[in-house]
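**Q** File follows, data_3.cif with mmCIF, C-alpha atoms; chains and numbers go by the auth columns:
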data_input
loop_
_atom_site.group_PDB
_atom_site.id
_atom_site.type_symbol
_atom_site.label_atom_id
_atom_site.label_comp_id
_atom_site.label_asym_id
_atom_site.label_seq_id
_atom_site.Cartn_x
_atom_site.Cartn_y
_atom_site.Cartn_z
_atom_site.B_iso_or_equiv
_atom_site.auth_seq_id
_atom_site.auth_asym_id
ATOM 1 C CA MET A 1 10.976 -68.676 9.470 0.00 1 J
ATOM 2 C CA LYS A 2 11.795 -67.887 5.851 0.00 2 J
ATOM 3 C CA ILE A 3 15.247 -66.390 5.175 0.00 3 J
ATOM 4 C CA ARG A 4 15.457 -63.846 2.374 0.00 4 J
ATOM 5 C CA SER A 5 18.591 -63.441 0.342 0.00 5 J
ATOM 6 C CA PRO A 6 20.464 -60.132 0.360 0.00 6 J
ATOM 7 C CA PHE A 7 19.633 -59.786 -3.353 0.00 7 J
ATOM 8 C CA THR A 8 15.878 -60.019 -2.626 0.00 8 J
ATOM 9 C CA LEU A 9 16.154 -57.313 0.029 0.00 9 J
ATOM 10 C CA PHE A 10 18.263 -55.119 -2.287 0.00 10 J
ATOM 11 C CA ALA A 11 15.772 -55.533 -5.168 0.00 11 J
ATOM 12 C CA ALA A 12 12.820 -54.670 -2.917 0.00 12 J
ATOM 13 C CA GLY A 13 14.636 -51.560 -1.657 0.00 13 J
ATOM 14 C CA LEU A 14 15.562 -50.492 -5.193 0.00 14 J
ATOM 15 C CA ILE A 15 11.950 -50.853 -6.353 0.00 15 J
ATOM 16 C CA GLY A 16 10.815 -48.704 -3.429 0.00 16 J
ATOM 17 C CA ILE A 17 13.390 -46.005 -4.211 0.00 17 J
ATOM 18 C CA CYS A 18 12.481 -45.956 -7.924 0.00 18 J
ATOM 19 C CA ALA A 19 8.765 -45.687 -7.152 0.00 19 J
ATOM 20 C CA THR A 20 9.434 -42.731 -4.833 0.00 20 J
ATOM 21 C CA THR A 21 11.698 -41.045 -7.405 0.00 21 J
ATOM 22 C CA ALA A 22 9.061 -41.336 -10.133 0.00 22 J
ATOM 23 C CA THR A 23 6.517 -39.645 -7.858 0.00 23 J
ATOM 24 C CA TRP A 24 8.903 -36.751 -7.197 0.00 24 J
ATOM 25 C CA ALA A 25 10.084 -36.007 -10.750 0.00 25 J
ATOM 26 C CA ASP A 26 10.707 -32.382 -11.714 0.00 26 J
ATOM 27 C CA GLU A 27 8.327 -30.830 -14.235 0.00 27 J
ATOM 28 C CA THR A 28 8.230 -27.769 -16.522 0.00 28 J
ATOM 29 C CA LEU A 29 4.826 -26.163 -17.069 0.00 29 J
ATOM 30 C CA LYS A 30 4.133 -23.636 -19.838 0.00 30 J
ATOM 31 C CA PHE A 31 0.763 -21.920 -20.021 0.00 31 J
ATOM 32 C CA ARG A 32 -1.073 -18.624 -20.499 0.00 32 J
ATOM 33 C CA GLU A 33 -3.111 -16.852 -17.828 0.00 33 J
ATOM 34 C CA ILE A 34 -5.971 -14.677 -19.067 0.00 34 J
ATOM 35 C CA LEU A 35 -7.210 -12.512 -16.218 0.00 35 J
ATOM 36 C CA HIS A 36 -9.613 -9.718 -15.356 0.00 36 J
ATOM 37 C CA ALA A 37 -9.368 -7.275 -12.451 0.00 37 J
ATOM 38 C CA ASN A 38 -11.957 -7.983 -9.771 0.00 38 J
ATOM 39 C CA SER A 39 -10.753 -5.175 -7.535 0.00 39 J
ATOM 40 C CA VAL A 40 -8.219 -2.353 -7.882 0.00 40 J
ATOM 41 C CA GLN A 41 -7.543 0.238 -5.220 0.00 41 J
ATOM 42 C CA SER A 42 -5.053 2.987 -6.000 0.00 42 J
ATOM 43 C CA GLN A 43 -3.644 5.938 -4.158 0.00 43 J
ATOM 44 C CA GLU A 44 -1.810 8.921 -5.608 0.00 44 J
ATOM 45 C CA VAL A 45 1.555 9.215 -3.903 0.00 45 J
ATOM 46 C CA GLY A 46 1.829 12.953 -4.644 0.00 46 J
ATOM 47 C CA ASP A 47 5.589 13.279 -5.027 0.00 47 J
ATOM 48 C CA VAL A 48 5.573 13.374 -8.864 0.00 48 J
ATOM 49 C CA ASP A 49 2.807 13.570 -11.458 0.00 49 J
ATOM 50 C CA GLY A 50 1.193 10.184 -12.132 0.00 50 J
ATOM 51 C CA HIS A 51 2.821 8.268 -9.248 0.00 51 J
ATOM 52 C CA VAL A 52 0.341 5.719 -7.820 0.00 52 J
ATOM 53 C CA VAL A 53 0.505 2.672 -5.603 0.00 53 J
ATOM 54 C CA SER A 54 -2.175 0.034 -6.225 0.00 54 J
ATOM 55 C CA ILE A 55 -3.323 -3.226 -4.740 0.00 55 J
ATOM 56 C CA SER A 56 -5.285 -5.462 -7.112 0.00 56 J
ATOM 57 C CA ARG A 57 -7.027 -8.805 -7.280 0.00 57 J
ATOM 58 C CA PHE A 58 -7.279 -10.543 -10.652 0.00 58 J
ATOM 59 C CA SER A 59 -8.897 -13.863 -11.563 0.00 59 J
ATOM 60 C CA GLY A 60 -9.332 -15.894 -14.709 0.00 60 J
ATOM 61 C CA LEU A 61 -8.259 -18.949 -16.652 0.00 61 J
ATOM 62 C CA ILE A 62 -5.045 -20.756 -17.479 0.00 62 J
ATOM 63 C CA SER A 63 -4.723 -22.463 -20.839 0.00 63 J
ATOM 64 C CA PHE A 64 -2.219 -25.095 -21.993 0.00 64 J
ATOM 65 C CA ALA A 65 -1.114 -25.834 -25.570 0.00 65 J
ATOM 66 C CA ASP A 66 -2.825 -29.265 -25.370 0.00 66 J
ATOM 67 C CA GLY A 67 -6.202 -27.575 -24.741 0.00 67 J
ATOM 68 C CA SER A 68 -6.419 -28.340 -21.025 0.00 68 J
ATOM 69 C CA THR A 69 -7.404 -25.514 -18.686 0.00 69 J
ATOM 70 C CA GLY A 70 -7.465 -24.457 -15.063 0.00 70 J
ATOM 71 C CA THR A 71 -8.117 -21.355 -13.011 0.00 71 J
ATOM 72 C CA ALA A 72 -5.894 -18.680 -11.523 0.00 72 J
ATOM 73 C CA TYR A 73 -6.145 -15.699 -9.260 0.00 73 J
ATOM 74 C CA PHE A 74 -3.636 -13.292 -7.807 0.00 74 J
ATOM 75 C CA THR A 75 -3.226 -10.322 -5.546 0.00 75 J
ATOM 76 C CA SER A 76 -0.559 -7.769 -6.455 0.00 76 J
ATOM 77 C CA VAL A 77 0.981 -4.527 -5.264 0.00 77 J
ATOM 78 C CA VAL A 78 2.454 -2.160 -7.865 0.00 78 J
ATOM 79 C CA ASP A 79 4.267 1.178 -7.682 0.00 79 J
ATOM 80 C CA TYR A 80 3.784 2.899 -11.055 0.00 80 J
ATOM 81 C CA THR A 81 4.581 6.320 -12.417 0.00 81 J
ATOM 82 C CA LYS A 82 2.451 7.024 -15.495 0.00 82 J
ATOM 83 C CA GLY A 83 1.713 3.297 -15.828 0.00 83 J
ATOM 84 C CA ALA A 84 5.295 2.021 -15.633 0.00 84 J
ATOM 85 C CA GLY A 85 7.414 0.767 -12.765 0.00 85 J
ATOM 86 C CA PRO A 86 7.964 -2.088 -10.375 0.00 86 J
ATOM 87 C CA ILE A 87 5.514 -4.845 -9.636 0.00 87 J
ATOM 88 C CA ALA A 88 6.421 -5.141 -5.967 0.00 88 J
ATOM 89 C CA PHE A 89 4.869 -8.581 -5.622 0.00 89 J
ATOM 90 C CA ILE A 90 2.199 -10.931 -6.914 0.00 90 J
ATOM 91 C CA TYR A 91 0.899 -13.886 -4.913 0.00 91 J
ATOM 92 C CA ASN A 92 -0.586 -16.269 -7.478 0.00 92 J
ATOM 93 C CA ASN A 93 -2.753 -19.385 -7.084 0.00 93 J
ATOM 94 C CA PHE A 94 -2.931 -21.838 -10.011 0.00 94 J
ATOM 95 C CA THR A 95 -5.567 -24.594 -9.799 0.00 95 J
ATOM 96 C CA PHE A 96 -5.287 -27.362 -12.388 0.00 96 J
ATOM 97 C CA SER A 97 -8.060 -29.546 -13.841 0.00 97 J
ATOM 98 C CA ASP A 98 -7.151 -32.462 -11.531 0.00 98 J
ATOM 99 C CA GLY A 99 -7.577 -30.192 -8.466 0.00 99 J
ATOM 100 C CA SER A 100 -3.846 -29.825 -7.823 0.00 100 J
ATOM 101 C CA VAL A 101 -2.671 -26.347 -6.845 0.00 101 J
ATOM 102 C CA LEU A 102 0.577 -24.365 -7.092 0.00 102 J
ATOM 103 C CA TRP A 103 1.272 -21.125 -5.214 0.00 103 J
ATOM 104 C CA SER A 104 3.860 -18.596 -6.328 0.00 104 J
ATOM 105 C CA LYS A 105 5.353 -15.284 -5.316 0.00 105 J
ATOM 106 C CA GLN A 106 6.458 -13.099 -8.230 0.00 106 J
ATOM 107 C CA SER A 107 7.857 -9.650 -8.917 0.00 107 J
ATOM 108 C CA GLY A 108 8.662 -7.762 -12.072 0.00 108 J
ATOM 109 C CA THR A 109 8.267 -4.578 -14.054 0.00 109 J
ATOM 110 C CA ALA A 110 5.680 -2.874 -16.206 0.00 110 J
ATOM 111 C CA THR A 111 6.539 -0.668 -19.154 0.00 111 J
ATOM 112 C CA VAL A 112 4.200 1.347 -21.339 0.00 112 J
ATOM 113 C CA GLU A 113 4.286 1.081 -25.127 0.00 113 J
ATOM 114 C CA GLY A 114 1.570 3.241 -26.669 0.00 114 J
ATOM 115 C CA ALA A 115 -1.764 2.032 -25.283 0.00 115 J
ATOM 116 C CA LYS A 116 -0.260 -1.276 -24.093 0.00 116 J
ATOM 117 C CA SER A 117 1.348 -2.135 -20.774 0.00 117 J
ATOM 118 C CA LEU A 118 4.027 -4.831 -21.029 0.00 118 J
ATOM 119 C CA PHE A 119 4.895 -7.026 -18.042 0.00 119 J
ATOM 120 C CA GLN A 120 7.856 -9.251 -17.291 0.00 120 J
ATOM 121 C CA GLY A 121 9.329 -10.809 -14.220 0.00 121 J
ATOM 122 C CA SER A 122 10.237 -13.886 -12.270 0.00 122 J
ATOM 123 C CA GLY A 123 9.345 -15.639 -9.077 0.00 123 J
ATOM 124 C CA ALA A 124 9.392 -18.710 -6.915 0.00 124 J
ATOM 125 C CA ILE A 125 7.012 -21.585 -6.343 0.00 125 J
ATOM 126 C CA ILE A 126 6.260 -21.469 -2.615 0.00 126 J
ATOM 127 C CA GLY A 127 4.094 -24.574 -2.255 0.00 127 J
ATOM 128 C CA GLY A 128 1.238 -26.612 -3.575 0.00 128 J
ATOM 129 C CA LYS A 129 -1.226 -29.363 -2.895 0.00 129 J
ATOM 130 C CA GLY A 130 -2.413 -32.505 -4.613 0.00 130 J
ATOM 131 C CA LYS A 131 0.277 -33.769 -6.963 0.00 131 J
ATOM 132 C CA TYR A 132 2.257 -30.576 -6.180 0.00 132 J
ATOM 133 C CA ASP A 133 2.269 -31.076 -2.406 0.00 133 J
ATOM 134 C CA GLY A 134 5.598 -29.744 -1.109 0.00 134 J
ATOM 135 C CA ALA A 135 6.599 -28.291 -4.492 0.00 135 J
ATOM 136 C CA LYS A 136 9.281 -25.630 -4.873 0.00 136 J
ATOM 137 C CA GLY A 137 10.773 -24.117 -7.989 0.00 137 J
ATOM 138 C CA ASP A 138 11.080 -20.981 -10.061 0.00 138 J
ATOM 139 C CA LEU A 139 9.210 -19.239 -12.839 0.00 139 J
ATOM 140 C CA THR A 140 9.370 -16.488 -15.407 0.00 140 J
ATOM 141 C CA PHE A 141 6.500 -14.519 -16.908 0.00 141 J
ATOM 142 C CA SER A 142 5.805 -11.979 -19.634 0.00 142 J
ATOM 143 C CA GLY A 143 2.590 -10.532 -20.944 0.00 143 J
ATOM 144 C CA ALA A 144 0.517 -7.454 -21.619 0.00 144 J
ATOM 145 C CA ARG A 145 -2.578 -5.435 -20.954 0.00 145 J
ATOM 146 C CA LEU A 146 -3.667 -4.377 -24.440 0.00 146 J
ATOM 147 C CA VAL A 147 -5.684 -1.288 -23.524 0.00 147 J
ATOM 148 C CA PRO A 148 -5.051 1.540 -21.051 0.00 148 J
ATOM 149 C CA LEU A 149 -6.014 0.685 -17.471 0.00 149 J
ATOM 150 C CA ALA A 150 -8.681 3.399 -17.547 0.00 150 J
ATOM 151 C CA THR A 151 -10.593 1.498 -20.281 0.00 151 J
ATOM 152 C CA GLY A 152 -10.104 -2.092 -19.097 0.00 152 J
ATOM 153 C CA ALA A 153 -8.109 -4.309 -16.856 0.00 153 J
ATOM 154 C CA ASP A 154 -7.934 -7.540 -18.865 0.00 154 J
ATOM 155 C CA LEU A 155 -4.430 -8.926 -19.247 0.00 155 J
ATOM 156 C CA TYR A 156 -2.553 -12.037 -20.175 0.00 156 J
ATOM 157 C CA LEU A 157 0.654 -13.540 -18.827 0.00 157 J
ATOM 158 C CA ASP A 158 2.700 -16.358 -20.384 0.00 158 J
ATOM 159 C CA LEU A 159 4.411 -18.413 -17.689 0.00 159 J
ATOM 160 C CA VAL A 160 7.173 -21.001 -17.602 0.00 160 J
ATOM 161 C CA ILE A 161 7.286 -22.797 -14.264 0.00 161 J
ATOM 162 C CA ASN A 162 10.051 -25.201 -13.259 0.00 162 J
ATOM 163 C CA VAL A 163 8.522 -27.328 -10.513 0.00 163 J
ATOM 164 C CA LYS A 164 10.922 -29.136 -8.212 0.00 164 J
ATOM 165 C CA LYS A 165 9.262 -31.559 -5.880 0.00 165 J
#
Take the structure in the file and give it back as structure tokens.

**A**
Amino acid sequence: MKIRSPFTLFAAGLIGICATTATWADETLKFREILHANSVQSQEVGDVDGHVVSISRFSGLISFADGSTGTAYFTSVVDYTKGAGPIAFIYNNFTFSDGSVLWSKQSGTATVEGAKSLFQGSGAIIGGKGKYDGAKGDLTFSGARLVPLATGADLYLDLVINVKK
């Protein structure tokens, strides 16, 4: 039977801990989503002029500064009066080029500025798979729809995601 020194056992344990820590490092992701509405269903609330509640599904691409891309889709519920108001929630799915996925839940506000709708908000990372398996974290977003909703539903959102694994 071979006896190992306490130093050998300590070194082996330290290597194991460092390898695990490197796998679980936090990460900040910055990218732009460019999306198009696949489905929008709205209902007039009727209490004041222009008050609508809508549920929507958007899909499109995500683009990073280094040129890499992925896909995204979300479902949202909004409560707007004349195009402005709260974004009650967005459930977003980000799929990266390596097949890894992050899921988020977001909320925010929309304001109208001329023909544009401006969006901003925050949210939480609620999970993932692949290299983001078990991920948590937070995010912020801002963006715009450049034309009135009646003439098009394309929009972009710039996101900053702080992934904590």

**Q** Given the file shown, determine the residues that the PyMOL selection byres ((chain J and resi 52-59) around 7) selects; report them as a PyMOL selection string.

**A** chain J and resi 35-45+50-51+60+72-81

**Q** Just C-alpha atoms for this one: save the residues we selected as a JSON list (two decimals), in the frame of the given file.

**A**
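What follows is the written file again-v5.json:
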[["chain", "number", "residue", "atom", "x", "y", "z"],
["J", 35, "LEU", "CA", -7.21, -12.51, -16.22],
["J", 36, "HIS", "CA", -9.61, -9.72, -15.36],
["J", 37, "ALA", "CA", -9.37, -7.28, -12.45],
["J", 38, "ASN", "CA", -11.96, -7.98, -9.77],
["J", 39, "SER", "CA", -10.75, -5.18, -7.54],
["J", 40, "VAL", "CA", -8.22, -2.35, -7.88],
["J", 41, "GLN", "CA", -7.54, 0.24, -5.22],
["J", 42, "SER", "CA", -5.05, 2.99, -6.00],
["J", 43, "GLN", "CA", -3.64, 5.94, -4.16],
["J", 44, "GLU", "CA", -1.81, 8.92, -5.61],
["J", 45, "VAL", "CA", 1.56, 9.22, -3.90],
["J", 50, "GLY", "CA", 1.19, 10.18, -12.13],
["J", 51, "HIS", "CA", 2.82, 8.27, -9.25],
["J", 60, "GLY", "CA", -9.33, -15.89, -14.71],
["J", 72, "ALA", "CA", -5.89, -18.68, -11.52],
["J", 73, "TYR", "CA", -6.14, -15.70, -9.26],
["J", 74, "PHE", "CA", -3.64, -13.29, -7.81],
["J", 75, "THR", "CA", -3.23, -10.32, -5.55],
["J", 76, "SER", "CA", -0.56, -7.77, -6.46],
["J", 77, "VAL", "CA", 0.98, -4.53, -5.26],
["J", 78, "VAL", "CA", 2.45, -2.16, -7.86],
["J", 79, "ASP", "CA", 4.27, 1.18, -7.68],
["J", 80, "TYR", "CA", 3.78, 2.90, -11.06],
["J", 81, "THR", "CA", 4.58, 6.32, -12.42]]

**Q** So which residues get picked by the PyMOL selection byres ((chain J and resi 131-141) around 8) here, written as a ChimeraX atom specification?

**A** /J:100-102,119-130,142-143,157-165

**Q** Carefully work through the PyMOL selection byres ((chain J and resi 61) around 6) for this structure and note down the residues it includes, as a ChimeraX atom specification.

**A** /J:33-34,60,62,70-72

**Q** One number please: CA of Thr95 (chain J) to CA of Thr109 (chain J), in Å, one decimal.

**A**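 Atom-to-atom, CA of Thr95 (chain J) to CA of Thr109 (chain J), that is 24.7 Å.
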
**Q** Just checking: using all atoms listed in the file, which residue out of J:Val112, J:Leu118, J:Val147, J:Ala65 ends up closest to Gly83 (chain J)?

**A**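 Once distances to Gly83 (chain J) are computed over all atoms listed in the file, the minimum belongs to J:Val112.
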
**Q** Identify which of the residues J:Ala84, J:Leu29, J:Leu149, J:Ile90 lies closest to Thr111 (chain J), counting all atoms listed in the file when measuring atom-to-atom distances.

**A**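 Ranked by minimum distance to Thr111 (chain J), first place goes to J:Ala84.
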
**Q** Report, in Å with one decimal, the straight-line distance from CA of Glu27 (chain J) to CA of Phe89 (chain J).

**A**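 Computing the Euclidean distance for CA of Glu27 (chain J) and CA of Phe89 (chain J) yields 24.1 Å.
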
**Q** Go ahead and compute the interatomic distance for CA of Ser104 (chain J) and CA of Ala144 (chain J), in Å to one decimal.

**A**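 One can read the CA of Ser104 (chain J) to CA of Ala144 (chain J) distance as 19.2 Å.
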
**Q** Under the rule that only C-alpha atoms are counted, which of J:Asp26, J:Gln106, J:Ser63, J:Val48 is the nearest residue to Tyr156 (chain J)?

**A**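 Residue with the minimum atom-to-atom distance to Tyr156 (chain J): J:Ser63.
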
**Q** So, with only C-alpha atoms as the atoms that count, which of J:Thr28, J:Ser117, J:Ala88, J:Gly46 lies closest to Leu155 (chain J)?

**A** J:Ser117

**Q** From the list J:Gly108, J:Asp154, J:Lys82, J:Asn92, which residue is nearest Asp49 (chain J) when using only C-alpha atoms?

**A** J:Lys82

**Q** Padding 5 Å on each side, edges along x, y and z: where is the centre of the box around the listed atoms of region 112-120 of chain J, and how long are its edges in Å to one decimal? Output it as JSON.

**A**
{"center_x": 3.0, "center_y": -3.0, "center_z": -22.0, "size_x": 19.6, "size_y": 22.5, "size_z": 19.4}

**Q** Name the residues in contact with Phe64 (chain J) at a cut-off of 8 Å, using all atoms listed in the file, excluding same-chain residues fewer than 5 positions from it; report them as a PyMOL selection string.

**A** chain J and resi 30-32+69

**Q** Is it possible to dump region 70-107 of chain J as a short mmCIF file (atom, residue, chain, number, x, y, z; two decimals), in the first residue's frame, including just N, CA and C atoms?

**A**
data_model
loop_
_atom_site.label_atom_id
_atom_site.label_comp_id
_atom_site.auth_asym_id
_atom_site.auth_seq_id
_atom_site.Cartn_x
_atom_site.Cartn_y
_atom_site.Cartn_z
N GLY J 70 -26.57 34.53 -32.57
CA GLY J 70 -27.41 33.49 -32.01
C GLY J 70 -28.85 33.82 -32.35
N THR J 71 -29.77 33.14 -31.71
CA THR J 71 -31.19 33.41 -31.94
C THR J 71 -31.87 33.76 -30.63
N ALA J 72 -33.02 34.40 -30.74
CA ALA J 72 -33.80 34.77 -29.56
C ALA J 72 -35.27 34.73 -29.92
N TYR J 73 -36.07 34.47 -28.91
CA TYR J 73 -37.51 34.65 -29.04
C TYR J 73 -38.06 34.98 -27.66
N PHE J 74 -39.18 35.71 -27.67
CA PHE J 74 -39.82 36.01 -26.39
C PHE J 74 -41.32 36.10 -26.55
N THR J 75 -41.98 35.93 -25.42
CA THR J 75 -43.41 36.18 -25.28
C THR J 75 -43.56 37.28 -24.25
N SER J 76 -44.43 38.26 -24.53
CA SER J 76 -44.59 39.38 -23.61
C SER J 76 -46.05 39.73 -23.42
N VAL J 77 -46.33 40.38 -22.31
CA VAL J 77 -47.64 40.96 -22.03
C VAL J 77 -47.40 42.43 -21.70
N VAL J 78 -48.12 43.31 -22.39
CA VAL J 78 -47.99 44.75 -22.17
C VAL J 78 -49.35 45.35 -21.87
N ASP J 79 -49.33 46.50 -21.20
CA ASP J 79 -50.55 47.23 -20.82
C ASP J 79 -50.32 48.69 -21.18
N TYR J 80 -50.63 49.04 -22.44
CA TYR J 80 -50.31 50.37 -22.98
C TYR J 80 -51.55 51.25 -23.09
N THR J 81 -51.33 52.53 -22.90
CA THR J 81 -52.31 53.55 -23.25
C THR J 81 -51.66 54.46 -24.27
N LYS J 82 -52.22 54.45 -25.48
CA LYS J 82 -51.68 55.20 -26.62
C LYS J 82 -50.21 54.87 -26.86
N GLY J 83 -49.87 53.58 -26.73
CA GLY J 83 -48.53 53.10 -27.05
C GLY J 83 -47.51 53.16 -25.93
N ALA J 84 -47.87 53.71 -24.79
CA ALA J 84 -46.92 53.84 -23.68
C ALA J 84 -47.47 53.13 -22.44
N GLY J 85 -46.56 52.64 -21.61
CA GLY J 85 -46.99 52.03 -20.36
C GLY J 85 -46.10 50.88 -19.95
N PRO J 86 -46.59 50.09 -19.01
CA PRO J 86 -45.76 49.01 -18.48
C PRO J 86 -45.68 47.80 -19.41
N ILE J 87 -44.48 47.23 -19.44
CA ILE J 87 -44.28 45.91 -20.02
C ILE J 87 -44.38 44.98 -18.82
N ALA J 88 -45.52 44.32 -18.69
CA ALA J 88 -45.78 43.52 -17.50
C ALA J 88 -44.73 42.43 -17.33
N PHE J 89 -44.46 41.69 -18.40
CA PHE J 89 -43.37 40.72 -18.36
C PHE J 89 -42.99 40.27 -19.76
N ILE J 90 -41.76 39.83 -19.87
CA ILE J 90 -41.21 39.21 -21.08
C ILE J 90 -40.50 37.94 -20.60
N TYR J 91 -40.81 36.82 -21.21
CA TYR J 91 -40.02 35.60 -21.00
C TYR J 91 -39.20 35.41 -22.27
N ASN J 92 -37.87 35.50 -22.12
CA ASN J 92 -36.96 35.50 -23.26
C ASN J 92 -36.11 34.24 -23.27
N ASN J 93 -35.82 33.73 -24.46
CA ASN J 93 -34.96 32.58 -24.67
C ASN J 93 -33.84 33.02 -25.60
N PHE J 94 -32.59 32.93 -25.14
CA PHE J 94 -31.42 33.27 -25.94
C PHE J 94 -30.66 31.98 -26.24
N THR J 95 -30.46 31.66 -27.51
CA THR J 95 -29.70 30.47 -27.89
C THR J 95 -28.43 30.93 -28.60
N PHE J 96 -27.29 30.51 -28.07
CA PHE J 96 -25.99 30.95 -28.56
C PHE J 96 -25.44 29.97 -29.60
N SER J 97 -24.43 30.39 -30.34
CA SER J 97 -23.91 29.59 -31.46
C SER J 97 -23.39 28.22 -31.03
N ASP J 98 -22.98 28.06 -29.77
CA ASP J 98 -22.52 26.75 -29.30
C ASP J 98 -23.66 25.86 -28.81
N GLY J 99 -24.92 26.36 -28.92
CA GLY J 99 -26.08 25.60 -28.48
C GLY J 99 -26.50 25.86 -27.05
N SER J 100 -25.68 26.61 -26.30
CA SER J 100 -26.06 26.97 -24.94
C SER J 100 -27.26 27.91 -24.95
N VAL J 101 -28.03 27.88 -23.88
CA VAL J 101 -29.26 28.67 -23.80
C VAL J 101 -29.32 29.38 -22.45
N LEU J 102 -29.84 30.61 -22.47
CA LEU J 102 -30.20 31.34 -21.25
C LEU J 102 -31.67 31.70 -21.33
N TRP J 103 -32.37 31.63 -20.19
CA TRP J 103 -33.76 32.06 -20.09
C TRP J 103 -33.84 33.22 -19.12
N SER J 104 -34.67 34.20 -19.46
CA SER J 104 -34.83 35.36 -18.58
C SER J 104 -36.29 35.73 -18.42
N LYS J 105 -36.55 36.44 -17.34
CA LYS J 105 -37.85 37.08 -17.12
C LYS J 105 -37.56 38.56 -16.93
N GLN J 106 -38.23 39.41 -17.72
CA GLN J 106 -37.96 40.84 -17.72
C GLN J 106 -39.25 41.62 -17.56
N SER J 107 -39.11 42.87 -17.15
CA SER J 107 -40.22 43.82 -17.15
C SER J 107 -39.64 45.19 -17.42
#
